[in-house]
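The file start-v9.txt comes next; it holds compact mmCIF, C-alpha atoms and all ligand atoms.
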# COMPACT_ATOMS: atom_id res chain seq x y z
CA MET I 1 91.05 70.58 153.01
CA ASP I 2 89.99 74.09 154.07
CA ASN I 3 87.14 76.09 152.50
CA PHE I 4 88.28 78.31 149.65
CA THR I 5 87.33 80.62 146.81
CA PHE I 6 89.30 80.63 143.57
CA TYR I 7 88.95 83.24 140.84
CA SER I 8 91.40 83.06 137.97
CA PRO I 9 90.00 85.06 135.05
CA THR I 10 93.16 85.41 132.92
CA PHE I 11 92.77 84.51 129.23
CA PHE I 12 95.88 82.59 128.20
CA VAL I 13 97.13 82.63 124.61
CA PHE I 14 99.92 80.07 124.32
CA GLY I 15 102.26 79.12 121.49
CA LYS I 16 104.40 80.24 118.58
CA LYS I 17 103.88 83.73 117.16
CA THR I 18 101.07 84.51 119.61
CA GLU I 19 102.59 87.97 120.30
CA GLU I 20 101.11 88.93 116.92
CA GLU I 21 97.71 88.81 118.64
CA SER I 22 98.63 91.48 121.21
CA GLY I 23 96.55 94.21 119.57
CA ALA I 24 93.49 92.00 119.12
CA ARG I 25 93.65 90.92 122.76
CA VAL I 26 93.95 94.48 124.06
CA ARG I 27 90.91 95.33 121.94
CA GLN I 28 89.04 92.25 123.23
CA PHE I 29 89.54 93.42 126.82
CA GLY I 30 88.46 97.01 126.21
CA GLY I 31 91.74 98.90 125.86
CA ASN I 32 92.00 102.00 123.67
CA LYS I 33 95.12 103.79 124.84
CA VAL I 34 97.94 101.55 126.01
CA LEU I 35 101.01 102.07 128.17
CA ILE I 36 103.60 99.58 126.97
CA HIS I 37 105.95 98.75 129.85
CA TYR I 38 109.22 96.85 129.44
CA GLY I 39 112.62 96.24 130.99
CA GLY I 40 116.27 96.90 130.28
CA GLY I 41 116.23 96.21 126.55
CA SER I 42 116.01 92.48 125.81
CA VAL I 43 112.66 93.04 124.06
CA VAL I 44 114.15 95.81 121.92
CA LYS I 45 117.11 93.64 120.95
CA SER I 46 114.99 90.61 120.08
CA GLY I 47 112.54 92.64 117.97
CA LEU I 48 109.62 91.60 120.21
CA LEU I 49 108.73 95.20 121.09
CA ASP I 50 108.46 96.09 117.40
CA ARG I 51 106.27 93.07 116.68
CA VAL I 52 103.91 93.97 119.52
CA LYS I 53 103.73 97.63 118.44
CA LYS I 54 102.92 96.56 114.91
CA SER I 55 100.09 94.45 116.23
CA LEU I 56 98.69 97.38 118.25
CA GLN I 57 98.93 99.64 115.20
CA ALA I 58 97.07 97.08 113.10
CA GLU I 59 94.16 97.40 115.56
CA GLY I 60 94.34 101.19 115.44
CA LEU I 61 95.26 101.41 119.14
CA GLY I 62 97.14 104.39 120.55
CA PHE I 63 100.12 103.76 122.82
CA VAL I 64 102.95 105.31 124.81
CA GLU I 65 106.06 103.48 126.03
CA LEU I 66 107.94 103.26 129.29
CA GLY I 67 111.00 101.02 129.42
CA GLY I 68 113.76 100.67 131.99
CA VAL I 69 112.25 98.30 134.57
CA GLU I 70 115.12 96.75 136.57
CA PRO I 71 115.04 93.18 137.86
CA ASN I 72 113.46 93.41 141.34
CA PRO I 73 111.51 96.52 140.25
CA LYS I 74 111.69 99.82 142.07
CA SER I 75 109.09 102.37 143.15
CA SER I 76 110.60 105.36 141.30
CA LEU I 77 109.66 103.97 137.88
CA VAL I 78 106.18 103.10 139.15
CA TYR I 79 105.67 106.74 140.18
CA LYS I 80 106.90 107.82 136.75
CA GLY I 81 104.53 105.38 135.06
CA ILE I 82 101.55 106.64 137.07
CA GLU I 83 102.29 110.21 136.04
CA LEU I 84 102.73 109.27 132.39
CA ALA I 85 99.57 107.13 132.30
CA ARG I 86 97.50 109.96 133.79
CA LYS I 87 98.95 112.56 131.44
CA GLU I 88 98.35 110.37 128.38
CA LYS I 89 94.92 109.17 129.55
CA VAL I 90 95.98 105.55 129.31
CA ASP I 91 93.25 102.97 129.96
CA PHE I 92 95.23 99.72 129.56
CA LEU I 93 98.69 98.50 130.63
CA LEU I 94 100.66 96.08 128.51
CA ALA I 95 103.68 94.51 130.23
CA ILE I 96 106.25 92.94 127.90
CA GLY I 97 108.70 91.06 130.07
CA GLY I 98 109.01 88.94 133.17
CA GLY I 99 107.92 89.25 136.79
CA SER I 100 109.71 92.55 137.30
CA VAL I 101 108.00 94.29 134.37
CA ILE I 102 104.60 92.76 135.12
CA ASP I 103 104.80 93.72 138.79
CA SER I 104 105.87 97.26 137.97
CA ALA I 105 102.91 97.48 135.58
CA LYS I 106 100.60 96.22 138.34
CA GLY I 107 101.96 98.98 140.62
CA ILE I 108 101.16 101.58 137.96
CA ALA I 109 97.72 100.06 137.41
CA LEU I 110 96.98 100.46 141.12
CA GLY I 111 98.36 103.98 141.36
CA VAL I 112 96.61 105.53 138.37
CA VAL I 113 93.13 105.04 139.83
CA TYR I 114 94.05 105.91 143.43
CA ASP I 115 94.26 109.37 144.98
CA GLY I 116 96.89 108.42 147.56
CA ASP I 117 100.34 106.84 147.33
CA PHE I 118 100.38 103.52 145.39
CA TRP I 119 102.76 102.22 148.06
CA ASP I 120 99.85 102.06 150.56
CA PHE I 121 98.81 98.81 148.83
CA TYR I 122 102.25 97.32 149.51
CA GLU I 123 101.88 98.16 153.19
CA GLY I 124 98.63 96.28 153.65
CA LYS I 125 95.84 98.45 152.19
CA GLY I 126 93.21 96.27 150.50
CA VAL I 127 93.32 96.23 146.69
CA THR I 128 89.94 96.89 145.09
CA GLN I 129 90.60 98.86 141.89
CA ALA I 130 93.21 98.91 139.15
CA LEU I 131 93.54 99.57 135.44
CA PRO I 132 93.37 96.39 133.34
CA ILE I 133 96.69 94.72 132.49
CA GLY I 134 97.78 92.46 129.65
CA VAL I 135 101.06 90.56 129.49
CA VAL I 136 103.44 89.35 126.81
CA LEU I 137 105.62 87.01 128.85
CA THR I 138 109.36 86.67 128.14
CA ILE I 139 110.59 84.48 131.01
CA ALA I 140 109.07 81.52 132.83
CA ALA I 141 109.56 82.21 136.52
CA SER I 142 107.40 84.44 138.68
CA GLY I 143 103.96 83.29 137.57
CA SER I 144 102.91 86.95 137.73
CA GLU I 145 101.24 86.52 134.33
CA GLY I 146 98.47 84.63 136.14
CA SER I 147 98.80 85.80 139.73
CA GLY I 148 97.15 88.59 141.68
CA ASP I 149 100.46 89.62 143.26
CA SER I 150 102.89 92.44 142.62
CA VAL I 151 106.30 92.65 144.33
CA VAL I 152 108.02 96.07 144.30
CA THR I 153 110.93 97.59 146.24
CA HIS I 154 110.59 101.09 147.67
CA GLU I 155 113.86 102.94 147.32
CA LYS I 156 113.16 104.74 150.59
CA GLY I 157 114.42 102.04 152.97
CA MET I 158 114.78 99.43 150.20
CA TYR I 159 111.80 97.47 151.47
CA LYS I 160 110.62 94.80 149.01
CA ARG I 161 106.93 94.22 149.61
CA CYS I 162 103.91 92.58 148.00
CA ALA I 163 100.44 93.86 147.10
CA ASP I 164 97.76 91.37 146.21
CA GLY I 165 94.21 91.12 145.00
CA ASP I 166 92.33 89.30 142.25
CA ILE I 167 91.83 92.59 140.40
CA LEU I 168 95.59 92.49 139.68
CA ARG I 169 95.34 89.26 137.74
CA PRO I 170 96.12 90.06 134.11
CA LYS I 171 93.18 90.11 131.69
CA PHE I 172 95.26 88.13 129.22
CA ALA I 173 98.72 86.61 129.04
CA ILE I 174 100.42 85.89 125.74
CA MET I 175 102.95 83.08 126.17
CA ASN I 176 105.24 82.16 123.30
CA PRO I 177 107.89 79.72 124.61
CA GLU I 178 110.21 80.59 121.68
CA ILE I 179 110.74 84.02 123.21
CA THR I 180 112.36 82.41 126.27
CA CYS I 181 115.10 80.78 124.14
CA THR I 182 117.18 83.98 124.31
CA LEU I 183 117.38 83.93 128.10
CA PRO I 184 120.84 83.85 129.66
CA ALA I 185 121.42 80.49 131.44
CA TYR I 186 121.45 82.22 134.84
CA GLN I 187 117.93 83.61 134.25
CA THR I 188 116.60 80.28 132.94
CA ALA I 189 117.97 78.59 136.06
CA SER I 190 116.61 81.31 138.35
CA GLY I 191 113.18 80.84 136.80
CA ILE I 192 113.27 77.06 137.22
CA THR I 193 114.23 77.48 140.87
CA ASP I 194 111.47 80.03 141.49
CA ILE I 195 108.85 77.73 139.96
CA MET I 196 110.01 74.85 142.18
CA ALA I 197 109.91 77.20 145.17
CA HIS I 198 106.32 78.24 144.42
CA CYS I 199 105.38 74.57 144.68
CA MET I 200 107.33 74.07 147.89
CA GLU I 201 105.79 77.12 149.63
CA ARG I 202 102.46 75.37 149.14
CA LEU I 203 103.48 71.75 149.69
CA PHE I 204 104.91 72.30 153.19
CA SER I 205 101.62 73.02 154.89
CA LYS I 206 99.97 72.09 158.13
CA THR I 207 96.69 71.43 156.31
CA LYS I 208 96.10 67.71 155.85
CA ASP I 209 94.30 65.72 153.15
CA CYS I 210 94.90 68.01 150.17
CA GLU I 211 95.58 65.04 147.92
CA VAL I 212 94.66 66.65 144.62
CA THR I 213 96.83 69.75 145.13
CA ASP I 214 99.67 67.65 146.63
CA ARG I 215 99.69 65.56 143.47
CA LEU I 216 99.48 68.60 141.18
CA LEU I 217 102.47 70.11 142.97
CA GLU I 218 104.42 66.89 142.59
CA ALA I 219 103.59 66.77 138.88
CA ILE I 220 104.88 70.31 138.38
CA MET I 221 108.08 69.65 140.32
CA LEU I 222 108.76 66.38 138.46
CA THR I 223 108.24 68.23 135.18
CA MET I 224 110.61 70.98 136.24
CA ILE I 225 113.33 68.47 137.14
CA LYS I 226 113.02 66.74 133.77
CA GLU I 227 112.56 69.82 131.58
CA GLY I 228 114.92 71.96 133.63
CA ARG I 229 117.74 69.55 132.86
CA ARG I 230 116.68 69.42 129.22
CA VAL I 231 116.68 73.19 128.57
CA MET I 232 119.87 73.84 130.52
CA ALA I 233 121.59 71.34 128.21
CA ASP I 234 119.70 72.46 125.09
CA PRO I 235 118.45 76.07 125.49
CA GLN I 236 116.67 76.07 122.10
CA ASN I 237 114.51 73.07 122.95
CA TYR I 238 110.96 74.29 122.23
CA GLU I 239 109.09 71.47 123.97
CA GLY I 240 111.17 71.84 127.12
CA ARG I 241 110.66 75.61 127.11
CA ALA I 242 106.91 75.14 126.53
CA ASN I 243 106.47 72.76 129.46
CA ILE I 244 108.44 75.04 131.76
CA MET I 245 106.46 78.08 130.69
CA TRP I 246 103.10 76.51 131.44
CA ALA I 247 104.44 74.96 134.66
CA GLY I 248 105.42 78.47 135.79
CA THR I 249 101.85 79.65 135.40
CA VAL I 250 100.09 76.72 137.05
CA ALA I 251 102.62 76.70 139.89
CA HIS I 252 101.56 80.18 140.93
CA ASN I 253 98.06 81.11 139.73
CA ASN I 254 97.10 79.28 142.95
CA ILE I 255 95.18 76.37 141.50
CA THR I 256 97.79 74.31 143.37
CA GLY I 257 97.38 76.27 146.58
CA VAL I 258 93.67 76.31 147.26
CA GLY I 259 92.23 74.79 150.42
CA ARG I 260 95.50 74.77 152.33
CA GLN I 261 97.70 77.00 154.46
CA GLN I 262 100.72 78.20 152.55
CA ASP I 263 104.02 79.23 154.06
CA TRP I 264 105.91 81.94 152.07
CA GLY I 265 108.46 82.55 154.84
CA THR I 266 111.36 81.64 152.54
CA HIS I 267 110.13 84.06 149.87
CA HIS I 268 110.08 86.88 152.41
CA MET I 269 113.56 85.97 153.65
CA GLU I 270 114.65 85.93 150.02
CA ASN I 271 113.37 89.46 149.40
CA GLU I 272 116.13 90.70 151.70
CA LEU I 273 118.84 88.88 149.70
CA SER I 274 117.80 90.16 146.26
CA THR I 275 117.40 93.68 147.66
CA THR I 276 120.72 93.71 149.53
CA TYR I 277 122.99 91.76 147.18
CA GLY I 278 121.24 92.23 143.82
CA CYS I 279 120.97 88.49 143.14
CA SER I 280 118.03 87.16 141.15
CA HIS I 281 114.97 86.11 143.12
CA GLY I 282 115.52 82.48 142.06
CA ALA I 283 119.16 82.53 143.19
CA GLY I 284 118.11 83.78 146.62
CA LEU I 285 115.58 80.96 146.87
CA ALA I 286 118.20 78.38 145.85
CA ILE I 287 120.29 79.55 148.79
CA LEU I 288 117.54 79.75 151.40
CA PHE I 289 115.16 76.87 150.72
CA PRO I 290 117.58 74.09 151.79
CA ALA I 291 118.37 76.02 154.98
CA TRP I 292 114.68 76.62 155.78
CA MET I 293 113.87 72.94 155.12
CA LYS I 294 116.68 71.77 157.40
CA TYR I 295 115.39 74.08 160.10
CA VAL I 296 111.76 72.92 159.92
CA TYR I 297 111.70 69.31 158.69
CA LYS I 298 111.38 67.78 162.16
CA LEU I 299 107.97 69.44 162.51
CA ASP I 300 106.59 66.98 159.97
CA VAL I 301 109.07 64.29 158.98
CA PRO I 302 106.51 62.24 156.96
CA ARG I 303 105.80 65.27 154.72
CA PHE I 304 109.50 65.69 153.99
CA VAL I 305 109.85 61.96 153.42
CA GLU I 306 107.06 62.16 150.82
CA PHE I 307 108.90 65.05 149.14
CA ALA I 308 112.10 62.97 149.08
CA VAL I 309 110.51 59.78 147.78
CA ARG I 310 107.84 61.09 145.39
CA VAL I 311 109.68 64.08 143.93
CA TRP I 312 113.34 63.08 144.16
CA GLY I 313 113.02 59.30 143.90
CA CYS I 314 114.90 58.70 147.17
CA GLN I 315 114.72 55.19 148.66
CA MET I 316 112.63 55.07 151.83
CA ASN I 317 114.74 54.29 154.88
CA PHE I 318 112.19 52.66 157.18
CA GLU I 319 114.69 52.43 160.06
CA ASN I 320 115.52 56.11 159.82
CA PRO I 321 112.88 58.28 158.08
CA GLU I 322 114.76 61.45 159.06
CA ALA I 323 117.66 60.32 156.91
CA THR I 324 115.29 60.05 153.93
CA ALA I 325 113.89 63.51 154.66
CA LEU I 326 117.41 64.96 154.73
CA GLU I 327 118.26 63.15 151.49
CA GLY I 328 115.34 64.92 149.77
CA ILE I 329 116.55 68.30 150.99
CA GLU I 330 120.04 67.51 149.70
CA ALA I 331 118.59 66.40 146.36
CA PHE I 332 116.89 69.78 145.91
CA LYS I 333 120.14 71.56 146.78
CA ASN I 334 122.15 69.43 144.35
CA PHE I 335 119.57 70.05 141.62
CA VAL I 336 119.69 73.84 141.87
CA LYS I 337 123.47 73.70 142.16
CA SER I 338 123.60 71.64 138.97
CA LEU I 339 121.62 74.43 137.24
CA GLY I 340 124.39 76.86 138.22
CA MET I 341 122.59 78.51 141.13
CA PRO I 342 124.50 79.65 144.22
CA THR I 343 123.68 77.72 147.40
CA THR I 344 125.30 79.91 150.07
CA ILE I 345 124.93 83.56 151.06
CA SER I 346 128.72 83.95 150.92
CA GLU I 347 128.66 83.19 147.19
CA ILE I 348 126.56 86.31 146.56
CA GLY I 349 128.77 88.49 148.77
CA GLY I 350 126.96 88.22 152.12
CA LYS I 351 128.67 88.06 155.51
CA GLU I 352 127.70 86.92 159.00
CA ALA I 353 127.76 90.55 160.15
CA ASP I 354 124.93 91.43 157.71
CA ILE I 355 122.47 88.95 159.18
CA PRO I 356 120.86 90.99 162.00
CA ALA I 357 120.09 93.83 159.57
CA LEU I 358 118.57 91.42 157.00
CA ALA I 359 116.26 89.95 159.64
CA LYS I 360 115.32 93.38 161.01
CA SER I 361 114.43 94.70 157.57
CA MET I 362 112.21 91.71 156.85
CA PHE I 363 110.05 92.47 159.90
CA HIS I 364 109.91 96.25 159.39
CA ASN I 365 106.16 97.10 159.37
CA SER I 366 105.58 93.46 158.44
CA PRO I 367 105.35 91.31 161.56
CA ASN I 368 103.78 88.06 160.28
CA HIS I 369 105.77 85.55 158.27
CA GLY I 370 105.48 81.80 157.84
CA SER I 371 102.73 79.37 158.78
CA PHE I 372 104.35 75.90 158.63
CA LEU I 373 106.67 77.55 161.12
CA LYS I 374 105.86 81.04 162.32
CA LEU I 375 109.02 83.09 161.99
CA ASN I 376 110.54 85.73 164.23
CA GLU I 377 113.77 87.68 163.94
CA ASP I 378 115.80 85.17 165.97
CA ILE I 379 114.64 82.19 163.91
CA VAL I 380 115.26 84.05 160.66
CA GLN I 381 118.80 84.88 161.78
CA GLU I 382 119.41 81.19 162.50
CA ILE I 383 118.14 80.20 159.05
CA TYR I 384 120.34 82.82 157.36
CA ARG I 385 123.31 81.43 159.33
CA LEU I 386 122.52 77.90 158.14
CA ALA I 387 122.72 79.29 154.59
CA LEU I 388 125.98 81.20 155.06
O1 LIG I 401 115.19 93.75 131.53
P1 LIG I 401 115.45 92.93 130.32
O2 LIG I 401 116.47 93.52 129.40
O3 LIG I 401 114.19 92.55 129.60
O4 LIG I 401 116.17 91.57 130.82
C1 LIG I 401 115.54 90.68 131.72
C2 LIG I 401 116.10 90.78 133.15
O5 LIG I 401 117.42 91.24 133.15
C3 LIG I 401 115.95 89.28 131.33
N1 LIG I 401 115.03 88.69 130.36
C4 LIG I 401 113.69 88.47 130.51
N2 LIG I 401 113.22 87.83 129.42
C5 LIG I 401 114.27 87.67 128.56
C6 LIG I 401 115.42 88.24 129.15
N3 LIG I 401 116.62 88.22 128.55
C7 LIG I 401 116.70 87.64 127.32
N4 LIG I 401 115.63 87.07 126.72
C8 LIG I 401 114.41 87.06 127.30
N5 LIG I 401 113.38 86.46 126.70
O6 LIG I 401 115.85 88.52 132.53
C9 LIG I 401 116.12 89.35 133.64
C10 LIG I 401 115.19 89.03 134.76
O7 LIG I 401 113.88 89.43 134.48
P2 LIG I 401 112.80 89.50 135.66
O8 LIG I 401 111.55 90.04 135.12
O9 LIG I 401 113.41 90.20 136.83
O10 LIG I 401 112.64 87.96 136.05
P3 LIG I 401 111.52 87.20 136.85
O11 LIG I 401 110.39 86.86 135.96
O12 LIG I 401 112.22 86.12 137.54
O13 LIG I 401 110.94 88.25 137.90
C11 LIG I 401 111.52 88.43 139.17
C12 LIG I 401 110.66 89.35 140.00
O14 LIG I 401 109.36 88.78 140.20
C13 LIG I 401 109.04 88.81 141.59
C14 LIG I 401 110.40 88.65 142.23
O15 LIG I 401 110.39 89.01 143.59
C15 LIG I 401 111.25 89.56 141.37
O16 LIG I 401 111.13 90.90 141.79
N6 LIG I 401 108.01 87.80 141.88
C16 LIG I 401 106.73 88.10 141.57
C17 LIG I 401 105.69 87.25 141.84
C18 LIG I 401 104.30 87.61 141.48
N7 LIG I 401 104.06 88.85 141.07
O17 LIG I 401 103.38 86.78 141.56
C19 LIG I 401 105.89 85.98 142.52
C20 LIG I 401 107.31 85.54 142.61
O18 LIG I 401 107.48 84.77 143.78
C21 LIG I 401 108.31 86.63 142.66
O19 LIG I 401 108.47 87.06 143.98
ZN ZN I 402 108.97 83.40 143.72

Reformat the file's structure so that it appears as structure tokens.
Amino acid sequence: MDNFTFYSPTFFVFGKKTEEESGARVRQFGGNKVLIHYGGGSVVKSGLLDRVKKSLQAEGLGFVELGGVEPNPKSSLVYKGIELARKEKVDFLLAIGGGSVIDSAKGIALGVVYDGDFWDFYEGKGVTQALPIGVVLTIAASGSEGSGDSVVTHEKGMYKRCADGDILRPKFAIMNPEITCTLPAYQTASGITDIMAHCMERLFSKTKDCEVTDRLLEAIMLTMIKEGRRVMADPQNYEGRANIMWAGTVAHNNITGVGRQQDWGTHHMENELSTTYGCSHGAGLAILFPAWMKYVYKLDVPRFVEFAVRVWGCQMNFENPEATALEGIEAFKNFVKSLGMPTTISEIGGKEADIPALAKSMFHNSPNHGSFLKLNEDIVQEIYRLAL
């Protein structure tokens, strides 16, 4: 295990009706004037926005609203949010939504207190300062409610990039699993896939002897397989939704990733798919992870055998361990397919001719990807072709 630091200061408020505490939590963490940020309207339709506003009013907090965050959030709304927050002298951001809304809010939080262009932080500038953020989570997926990451796409060039720093970890995250019962099946499945992928980006590591985090990752993935099947069959199942919601947070607040090299190459390849074809982040991962695993598994067959046996319950083939490793990869692919996810680039409208441009865009001003296998444009093209 490598040396590490781990700082995860988010205050989690989990369970039924917890959104009614939004105002009290903003107050607890020092907010006075709030920018409420949300997406395309699901929170209006469900009445969640009204419930949160009522709770802020009960605490006597002032607020302004900015809706309209698209899935895979874009820079133009972040710029708008920065302007609005400055004009209204906002001192706290409250994101009501999923990864896209939270990440857009994190972009605004960075930009408000910075003299330059917020995008600098997505091109490698170190993050040191941001307005405080709170979250009312509506979908279990990105883990952004506990992470220090923000993923935004700049419309100029359509580059989807990440800023990160512990200061971006939300001050609090309100997590009521009931709210996720209104998710369309495609979004539930995308979230399940993303949570699995966050475990796999950490599991396939060159760092040895990380037994405790290996076992935590396995526990999360086993839970996702069980509860994923349960909620896809029974979307109103509270216990299933609750386990998935918490799994999404612990999969990505990095308690499972400390002390080891992590890969993240597949996530960066995925950014190009969601940007180019408009698929969900989880759908892009469902397509690419099997291809990446097939490309790299020979680098560490025993690790992939462990994944097959411990996570997917495959029988060990002592004569031919590679066959067991491949069986595990196939089991993951069959699982995401059974959730209704696409498993080829063609299914989301991609063609062979697009591949060089996808690979080129991924490396634009961003040369380093992957650590289990260091990627370059040629390798990435081969992996995309395996996923065609
Ligand atoms: O916009 P609305 O109308 O709210 O609808 C959303 C959206 O269309 C809908 N939705 C969310 N909660 C709902 C609901 N519909 C009905 N009922 C509910 N309770 O779901 C759609 C998808 O929402 P989105 O926020 O895009 O989903 P997700 O949480 O999967 O976020 C994806 C984004 O997160 C980034 C991804 O790259 C992508 O841009 N990620 C962020 C990470 C981070 N910050 O740590 C890590 C992840 O790896 C990921 O990259
Ligand atoms: Zn992800």

Neighbours of ligand LIG 401 (chain I) at 6 Å or closer, counting all atoms listed in the file: which residues, as number ranges by chain?
I: 39-43, 70-73, 97-101, 103, 138-139, 141-144, 147, 149-151, 179-180, 182-183, 187, 191, 281

If you count only C-alpha atoms and all ligand atoms, the residue of I:Phe332, I:Phe121, I:Phe172, I:Phe289 closest to ligand ZN 402 (chain I) turns out to be I:Phe289

Can you list, as a CSV table (one decimal) with C-alpha atoms, keeping the file's coordinate frame, every protein, DNA or RNA residue that comes within 8 Å of I:Ile220 when you count all atoms listed in the file, leaving out same-chain residues fewer than 6 positions away?
chain,number,residue,atom,x,y,z
I,196,MET,CA,110.0,74.8,142.2
I,199,CYS,CA,105.4,74.6,144.7
I,247,ALA,CA,104.4,75.0,134.7
I,251,ALA,CA,102.6,76.7,139.9

Of the candidates I:Met1, I:Glu123, I:Arg229, I:Leu49, which shows the shortest atom-to-atom distance to I:Thr207, using all atoms listed in the file?
I:Met1

Distance atom CA of I:Tyr122-atom CA of I:Asp166, one decimal place?
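Here the two named atoms are 14.7 Å from each other.
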
What's the 12 Å shell around I:Lys337, counting all atoms listed in the file, without same-chain residues fewer than 4 positions away, as a list in words?
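Counting all atoms listed in the file, the residues come to Tyr186, Ala189, Ser190, Ile192, Thr193, Arg229, Gly282, Ala283, Leu285, Ala286, Ile287, Pro290, Glu330, Ala331, Phe332, Lys333, Met341, Pro342, Thr343, Thr344 and Glu347 of chain I.
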
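The residue that comes closest to ligand ZN 402 (chain I), out of I:Tyr79, I:Trp264, I:Tyr384, I:Phe118 and on the basis of all atoms listed in the file, is I:Trp264.
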
Hey, what's within 10 Å of I:Arg215 if we count all atoms listed in the file and toss same-chain stuff fewer than 5 positions away? As a PyMOL selection string, please?
chain I and resi 203+210+220-221+256+310

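Here atom CA of I:Gly111 is placed at a distance of 23.5 Å from atom CA of I:Gln28.
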
Do you know which residues are at most 9 Å from I:Gln129 counting all atoms listed in the file, after dropping those on the same chain fewer than 2 positions away, and could you put them as an MDAnalysis selection string?
chainID I and resid 109:110 113:114 127 131 167:168

Find the spatial neighbours of I:Asn32, counting only C-alpha atoms, within a cut-off of 8 Å - ignore same-chain residues fewer than 3 positions away - and output them as a PDB file with C-alpha atoms, in the coordinates of the input.
ATOM      1  CA  VAL I  26      93.950  94.480 124.060  1.00  0.00           C
ATOM      2  CA  ARG I  27      90.910  95.330 121.940  1.00  0.00           C
ATOM      3  CA  LEU I  61      95.260 101.410 119.140  1.00  0.00           C
ATOM      4  CA  GLY I  62      97.140 104.390 120.550  1.00  0.00           C
ATOM      5  CA  VAL I  90      95.980 105.550 129.310  1.00  0.00           C
ATOM      6  CA  ASP I  91      93.250 102.970 129.960  1.00  0.00           C
ATOM      7  CA  PHE I  92      95.230  99.720 129.560  1.00  0.00           C
TER       8      PHE I  92
END

Which of I:Ile225, I:Val258, I:Leu93, I:Ile36 sits closest to I:Glu65 [using only C-alpha atoms]
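Under the stated criterion, the closest residue is I:Ile36.
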
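You will find atom CA of I:Trp246 at 28.2 Å from atom CA of I:Ala58.
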
I need the residue nearest ligand ZN 402 (chain I) from this list: I:Ile195, I:Ala359, I:Ala308, I:Val13. Use all atoms listed in the file for the distance.
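So, comparing all the options, the nearest one is I:Ile195.
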
Point (115.2, 98.7, 145.3) neighbourhood (12 Å, only C-alpha atoms) written as a ChimeraX atom specification
/I:69-78,100,104,151-161,271-279

Counting only C-alpha atoms, which of I:Glu20, I:Asp120, I:Glu145, I:Glu306 gets nearest to I:Lys171?
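For I:Lys171, the nearest of the given residues is I:Glu145.
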